[in-house]
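Asks: So that you have it, the file is query00.pdb, and it contains PDB, C-alpha atoms and all ligand atoms:
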ATOM      1  CA  MET B   4       1.570   9.483 -39.976  1.00  0.00           C
ATOM      2  CA  ALA B   5      -1.745   8.360 -38.483  1.00  0.00           C
ATOM      3  CA  GLU B   6       0.202   5.833 -36.455  1.00  0.00           C
ATOM      4  CA  ASP B   7       2.447   8.589 -35.062  1.00  0.00           C
ATOM      5  CA  PHE B   8      -0.580  10.624 -34.077  1.00  0.00           C
ATOM      6  CA  ARG B   9      -2.144   7.657 -32.295  1.00  0.00           C
ATOM      7  CA  ARG B  10       1.094   7.050 -30.405  1.00  0.00           C
ATOM      8  CA  THR B  11       1.344  10.714 -29.349  1.00  0.00           C
ATOM      9  CA  GLN B  12      -2.237  10.568 -28.124  1.00  0.00           C
ATOM     10  CA  LYS B  13      -1.577   7.386 -26.157  1.00  0.00           C
ATOM     11  CA  LEU B  14       1.511   8.874 -24.541  1.00  0.00           C
ATOM     12  CA  ALA B  15      -0.523  11.926 -23.517  1.00  0.00           C
ATOM     13  CA  GLN B  16      -3.040   9.538 -21.977  1.00  0.00           C
ATOM     14  CA  VAL B  17      -0.218   7.796 -20.084  1.00  0.00           C
ATOM     15  CA  ARG B  18       0.817  11.138 -18.587  1.00  0.00           C
ATOM     16  CA  ASN B  19      -2.755  11.753 -17.464  1.00  0.00           C
ATOM     17  CA  LEU B  20      -3.037   8.285 -15.963  1.00  0.00           C
ATOM     18  CA  ILE B  21       0.217   8.741 -14.013  1.00  0.00           C
ATOM     19  CA  GLU B  22      -1.107  12.088 -12.810  1.00  0.00           C
ATOM     20  CA  ALA B  23      -4.234  10.260 -11.623  1.00  0.00           C
ATOM     21  CA  GLU B  24      -1.968   7.587 -10.027  1.00  0.00           C
ATOM     22  CA  ASP B  25      -3.527   4.872 -12.163  1.00  0.00           C
ATOM     23  CA  HIS B  26      -0.162   3.212 -12.718  1.00  0.00           C
ATOM     24  CA  GLU B  27      -1.588  -0.125 -13.852  1.00  0.00           C
ATOM     25  CA  SER B  28      -3.562   1.428 -16.732  1.00  0.00           C
ATOM     26  CA  ALA B  29      -0.552   3.534 -17.691  1.00  0.00           C
ATOM     27  CA  ALA B  30       1.612   0.393 -17.758  1.00  0.00           C
ATOM     28  CA  GLY B  31      -0.994  -1.319 -19.960  1.00  0.00           C
ATOM     29  CA  ILE B  32      -0.763   1.447 -22.571  1.00  0.00           C
ATOM     30  CA  TYR B  33       3.041   1.319 -22.538  1.00  0.00           C
ATOM     31  CA  GLN B  34       2.760  -2.413 -23.196  1.00  0.00           C
ATOM     32  CA  GLU B  35       0.366  -1.844 -26.104  1.00  0.00           C
ATOM     33  CA  LEU B  36       3.014   0.442 -27.575  1.00  0.00           C
ATOM     34  CA  GLY B  37       5.699  -2.177 -27.013  1.00  0.00           C
ATOM     35  CA  MET B  38       7.419   0.005 -24.393  1.00  0.00           C
ATOM     36  CA  TRP B  39       8.096  -2.816 -21.922  1.00  0.00           C
ATOM     37  CA  LYS B  40      10.811  -1.066 -19.915  1.00  0.00           C
ATOM     38  CA  GLU B  41       8.602   1.980 -19.359  1.00  0.00           C
ATOM     39  CA  ALA B  42       5.715  -0.297 -18.364  1.00  0.00           C
ATOM     40  CA  GLY B  43       7.909  -1.879 -15.674  1.00  0.00           C
ATOM     41  CA  GLU B  44       9.097   1.482 -14.442  1.00  0.00           C
ATOM     42  CA  VAL B  45       5.622   2.901 -14.071  1.00  0.00           C
ATOM     43  CA  ARG B  46       4.503  -0.220 -12.154  1.00  0.00           C
ATOM     44  CA  ARG B  47       7.499   0.087  -9.808  1.00  0.00           C
ATOM     45  CA  LEU B  48       6.668   3.739  -9.258  1.00  0.00           C
ATOM     46  CA  GLY B  49       3.102   2.814  -8.297  1.00  0.00           C
ATOM     47  CA  ARG B  50       4.200   0.069  -5.903  1.00  0.00           C
ATOM     48  CA  ARG B  51       6.779   2.272  -4.200  1.00  0.00           C
ATOM     49  CA  GLN B  52       4.186   4.962  -3.547  1.00  0.00           C
ATOM     50  CA  ILE B  53       1.740   2.460  -2.053  1.00  0.00           C
ATOM     51  CA  VAL B  54       4.387   0.879   0.211  1.00  0.00           C
ATOM     52  CA  THR B  55       5.578   4.271   1.478  1.00  0.00           C
ATOM     53  CA  GLN B  56       2.052   5.410   2.166  1.00  0.00           C
ATOM     54  CA  VAL B  57       1.104   2.264   4.100  1.00  0.00           C
ATOM     55  CA  HIS B  58       4.267   2.401   6.247  1.00  0.00           C
ATOM     56  CA  VAL B  59       3.630   6.007   7.139  1.00  0.00           C
ATOM     57  CA  ASN B  60       0.067   5.092   8.047  1.00  0.00           C
ATOM     58  CA  VAL B  61       1.000   2.214  10.379  1.00  0.00           C
ATOM     59  CA  ASN B  62       3.636   4.301  12.185  1.00  0.00           C
ATOM     60  CA  ASP B  63       1.207   7.145  12.462  1.00  0.00           C
ATOM     61  CA  LEU B  64      -1.568   4.882  13.728  1.00  0.00           C
ATOM     62  CA  VAL B  65       0.642   3.192  16.356  1.00  0.00           C
ATOM     63  CA  ASP B  66       1.608   6.703  17.438  1.00  0.00           C
ATOM     64  CA  GLN B  67      -2.099   7.507  17.848  1.00  0.00           C
ATOM     65  CA  VAL B  68      -2.554   4.309  19.887  1.00  0.00           C
ATOM     66  CA  ARG B  69       0.292   5.414  22.175  1.00  0.00           C
ATOM     67  CA  LYS B  70      -1.043   8.934  22.605  1.00  0.00           C
ATOM     68  CA  ALA B  71      -4.515   7.624  23.361  1.00  0.00           C
ATOM     69  CA  GLY B  72      -3.098   5.050  25.810  1.00  0.00           C
ATOM     70  CA  ILE B  73      -5.039   2.288  24.057  1.00  0.00           C
ATOM     71  CA  ALA B  74      -4.116  -1.390  24.162  1.00  0.00           C
ATOM     72  CA  THR B  75      -5.845  -3.635  21.670  1.00  0.00           C
ATOM     73  CA  ASP B  76      -5.644  -7.077  20.108  1.00  0.00           C
ATOM     74  CA  TYR B  77      -5.423  -7.664  16.398  1.00  0.00           C
ATOM     75  CA  THR B  78      -6.788 -11.107  15.544  1.00  0.00           C
ATOM     76  CA  CYS B  79      -4.518 -12.997  13.177  1.00  0.00           C
ATOM     77  CA  PRO B  80      -6.660 -14.008  10.176  1.00  0.00           C
ATOM     78  CA  THR B  81      -4.617 -17.209   9.762  1.00  0.00           C
ATOM     79  CA  CYS B  82      -4.545 -18.726  13.261  1.00  0.00           C
ATOM     80  CA  GLY B  83      -6.932 -16.501  15.231  1.00  0.00           C
ATOM     81  CA  GLY B  84      -4.156 -15.578  17.669  1.00  0.00           C
ATOM     82  CA  HIS B  85      -4.435 -12.251  19.444  1.00  0.00           C
ATOM     83  CA  ILE B  86      -1.571  -9.951  18.581  1.00  0.00           C
ATOM     84  CA  HIS B  87      -1.326  -7.420  21.369  1.00  0.00           C
ATOM     85  CA  ILE B  88      -0.853  -3.836  20.239  1.00  0.00           C
ATOM     86  CA  THR B  89       0.155  -1.083  22.642  1.00  0.00           C
ATOM     87  CA  GLY B  90       2.078   2.181  22.415  1.00  0.00           C
ATOM     88  CA  GLU B  91       5.324   0.195  22.691  1.00  0.00           C
ATOM     89  CA  THR B  92       4.486  -1.884  19.621  1.00  0.00           C
ATOM     90  CA  THR B  93       6.725  -1.248  16.658  1.00  0.00           C
ATOM     91  CA  LEU B  94       6.197  -1.949  13.004  1.00  0.00           C
ATOM     92  CA  ALA B  95       8.862  -4.696  13.161  1.00  0.00           C
ATOM     93  CA  THR B  96       6.949  -6.715  15.762  1.00  0.00           C
ATOM     94  CA  LEU B  97       3.761  -6.439  13.705  1.00  0.00           C
ATOM     95  CA  ARG B  98       5.305  -7.820  10.543  1.00  0.00           C
ATOM     96  CA  ASN B  99       4.584 -11.458  11.417  1.00  0.00           C
ATOM     97  CA  CYS B 100       2.079 -13.148  13.686  1.00  0.00           C
ATOM     98  CA  GLN B 101       3.975 -14.147  16.860  1.00  0.00           C
ATOM     99  CA  TYR B 102       1.923 -17.364  17.112  1.00  0.00           C
ATOM    100  CA  CYS B 103       1.931 -18.840  13.615  1.00  0.00           C
ATOM    101  CA  GLY B 104       4.539 -16.659  11.912  1.00  0.00           C
ATOM    102  CA  SER B 105       2.315 -15.721   8.996  1.00  0.00           C
ATOM    103  CA  VAL B 106       2.863 -12.330   7.420  1.00  0.00           C
ATOM    104  CA  VAL B 107       0.449  -9.713   8.705  1.00  0.00           C
ATOM    105  CA  GLN B 108      -1.072  -7.781   5.814  1.00  0.00           C
ATOM    106  CA  THR B 109      -0.196  -4.146   6.436  1.00  0.00           C
ATOM    107  CA  THR B 110      -3.330  -2.941   4.685  1.00  0.00           C
ATOM    108  CA  ASP B 111      -5.501  -5.075   7.021  1.00  0.00           C
ATOM    109  CA  LEU B 112      -3.607  -3.696   9.992  1.00  0.00           C
ATOM    110  CA  VAL B 113      -4.156  -0.140   8.789  1.00  0.00           C
ATOM    111  CA  ASP B 114      -7.909  -0.807   8.452  1.00  0.00           C
ATOM    112  CA  PHE B 115      -8.012  -2.330  11.930  1.00  0.00           C
ATOM    113  CA  LEU B 116      -5.998   0.412  13.653  1.00  0.00           C
ATOM    114  CA  THR B 117      -7.955   3.103  11.858  1.00  0.00           C
ATOM    115  CA  LYS B 118     -11.136   1.778  13.469  1.00  0.00           C
ATOM    116  CA  VAL B 119      -9.424   1.389  16.881  1.00  0.00           C
ATOM    117  CA  VAL B 120      -8.287   4.985  17.079  1.00  0.00           C
ATOM    118  CA  GLY B 121     -11.409   6.252  15.307  1.00  0.00           C
ATOM    119  CA  TYR B 122      -9.224   8.214  12.960  1.00  0.00           C
ATOM    120  CA  GLN B 123     -10.137   8.930   9.356  1.00  0.00           C
TER     121      GLN B 123
HETATM  122 ZN    ZN B 201      -1.241 -16.274  13.444  1.00  0.00          ZN
END
Please lay out the structure from this file as structure tokens.

Replies:
Amino acid sequence: MAEDFRRTQKLAQVRNLIEAEDHESAAGIYQELGMWKEAGEVRRLGRRQIVTQVHVNVNDLVDQVRKAGIATDYTCPTCGGHIHITGETTLATLRNCQYCGSVVQTTDLVDFLTKVVGYQ
């Protein structure tokens, strides 16, 4: 009985955490309750939202670069190569450094481009 109540409370907390987009904490509670499948699902949900958001941001930011007629260089953190970014740049060409081939972190790129276009 007390156990049931505790479980109900925890599940209510999970709903609140998902509402607050704290998917990792929500997944942790599911795991405590032995609900492994649900824990995986809530993590996937969180990741998908982050990926979608970042992609929209990069496209949007490159669009801003084009409209502003800016050309800039993003310095590859791995090799120090200058990755040229202009209005013609697409997300596909920014996926890897063209000099060393390392994967460009989209979140870093978003931070960089945000500063370049002075856009909050
Ligand atoms: Zn590089």

Asks: Do you have the atom CA of Gly49 of chain B-atom CA of Glu6 of chain B distance handy?

Replies: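 Going from atom CA of Gly49 of chain B over to atom CA of Glu6 of chain B covers 28.5 Å.
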
Asks: Please provide as a ChimeraX atom specification all residues within 9 Å of Cys100 of chain B, with the sequence filter that same-chain residues fewer than 6 positions apart are discarded (counting all atoms listed in the file).

Replies: /B:79,81-82,84-86,106-107

Asks: Please, could you write that set of residues out with C-alpha atoms as a tab-separated table (two decimals), in the coordinates of the input?

Replies:
chain	number	residue	atom	x	y	z
B	79	CYS	CA	-4.52	-13.00	13.18
B	81	THR	CA	-4.62	-17.21	9.76
B	82	CYS	CA	-4.54	-18.73	13.26
B	84	GLY	CA	-4.16	-15.58	17.67
B	85	HIS	CA	-4.43	-12.25	19.44
B	86	ILE	CA	-1.57	-9.95	18.58
B	106	VAL	CA	2.86	-12.33	7.42
B	107	VAL	CA	0.45	-9.71	8.70

Asks: Given the choices B:Gly104, B:Gly43, B:Gly90, B:Gly31, which gets closest to ligand ZN 201 (chain B) if the distance is worked out from all atoms listed in the file?

Replies: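 The shortest atom-to-atom distance to ligand ZN 201 (chain B) comes from B:Gly104.
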
Asks: What's around Arg46 of chain B at 8 Å? Count all atoms listed in the file, leave out sequence neighbours fewer than 3 positions away in its own chain, and write the answer as number ranges by chain.

Replies: B: 26-27, 30, 42-43, 49-50

Asks: Next, dump the selected residues to file, keeping only C-alpha atoms, as a tab-separated table (two decimals), in the coordinates of the input.

Replies:
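For reference, result10.tsv as written:
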chain	number	residue	atom	x	y	z
B	26	HIS	CA	-0.16	3.21	-12.72
B	27	GLU	CA	-1.59	-0.12	-13.85
B	30	ALA	CA	1.61	0.39	-17.76
B	42	ALA	CA	5.72	-0.30	-18.36
B	43	GLY	CA	7.91	-1.88	-15.67
B	49	GLY	CA	3.10	2.81	-8.30
B	50	ARG	CA	4.20	0.07	-5.90

Asks: Nearest residue to ligand ZN 201 (chain B) out of B:Ser105, B:Asn19, B:Thr110, B:Thr117, using all atoms listed in the file?

Replies: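 Result for the nearest residue to ligand ZN 201 (chain B): B:Ser105.
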
Asks: Would you mind listing what lies within 10 Å of Gln108 of chain B as a VMD selection string, with only C-alpha atoms counted and same-chain residues fewer than 6 positions away left out?

Replies: chain B and resid 79 to 80 97 to 99

Asks: As an exercise, work out the distance from atom CA of Val65 of chain B to atom CA of Gln101 of chain B in Å and give it to one decimal place.

Replies: 17.7 Å

Asks: Compare B:Ala23, B:Ile73, B:Val120, B:Ala29 by their minimum atom-to-atom distance to Glu44 of chain B, counting all atoms listed in the file, and give me the closest one.

Replies: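 Closest residue, counting all atoms listed in the file: B:Ala29.
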
Asks: Would you compute the distance between atom CA of Tyr102 of chain B and atom CA of Ile88 of chain B? Give it in Å to one decimal.

Replies: 14.2 Å

Asks: With only C-alpha atoms and all ligand atoms as the basis for distance, which of B:Thr78, B:Asn62, B:Thr92, B:Thr55 is at the shortest distance from ligand ZN 201 (chain B)?

Replies: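 Nearest candidate to ligand ZN 201 (chain B) out of B:Thr78, B:Asn62, B:Thr92, B:Thr55: B:Thr78.
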
Asks: Let me know the residues the PyMOL selection byres (((chain B and resi 14) around 12) and not hetatm) catches in the file above, as a PyMOL selection string.

Replies: chain B and resi 7-13+15-21+28-36+38+41-42

Asks: Check what the PyMOL selection byres (((chain B and resi 71) around 12) and not hetatm) selects in the file above and give those residues as an NGL selection string.

Replies: :B and (64-70 or 72-75 or 89-90 or 119-122)

Asks: Compare B:Ala5, B:Val57, B:Val45, B:Leu94 by their minimum atom-to-atom distance to Asp114 of chain B, counting only C-alpha atoms, and give me the closest one.

Replies: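 Closest residue, counting only C-alpha atoms: B:Val57.
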
Asks: Using only C-alpha atoms and all ligand atoms for the distances, tell me which of B:Tyr77, B:Asp111, B:Asp63, B:Glu24 is nearest to ligand ZN 201 (chain B).

Replies: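 Smallest separation from ligand ZN 201 (chain B) among the options: B:Tyr77.
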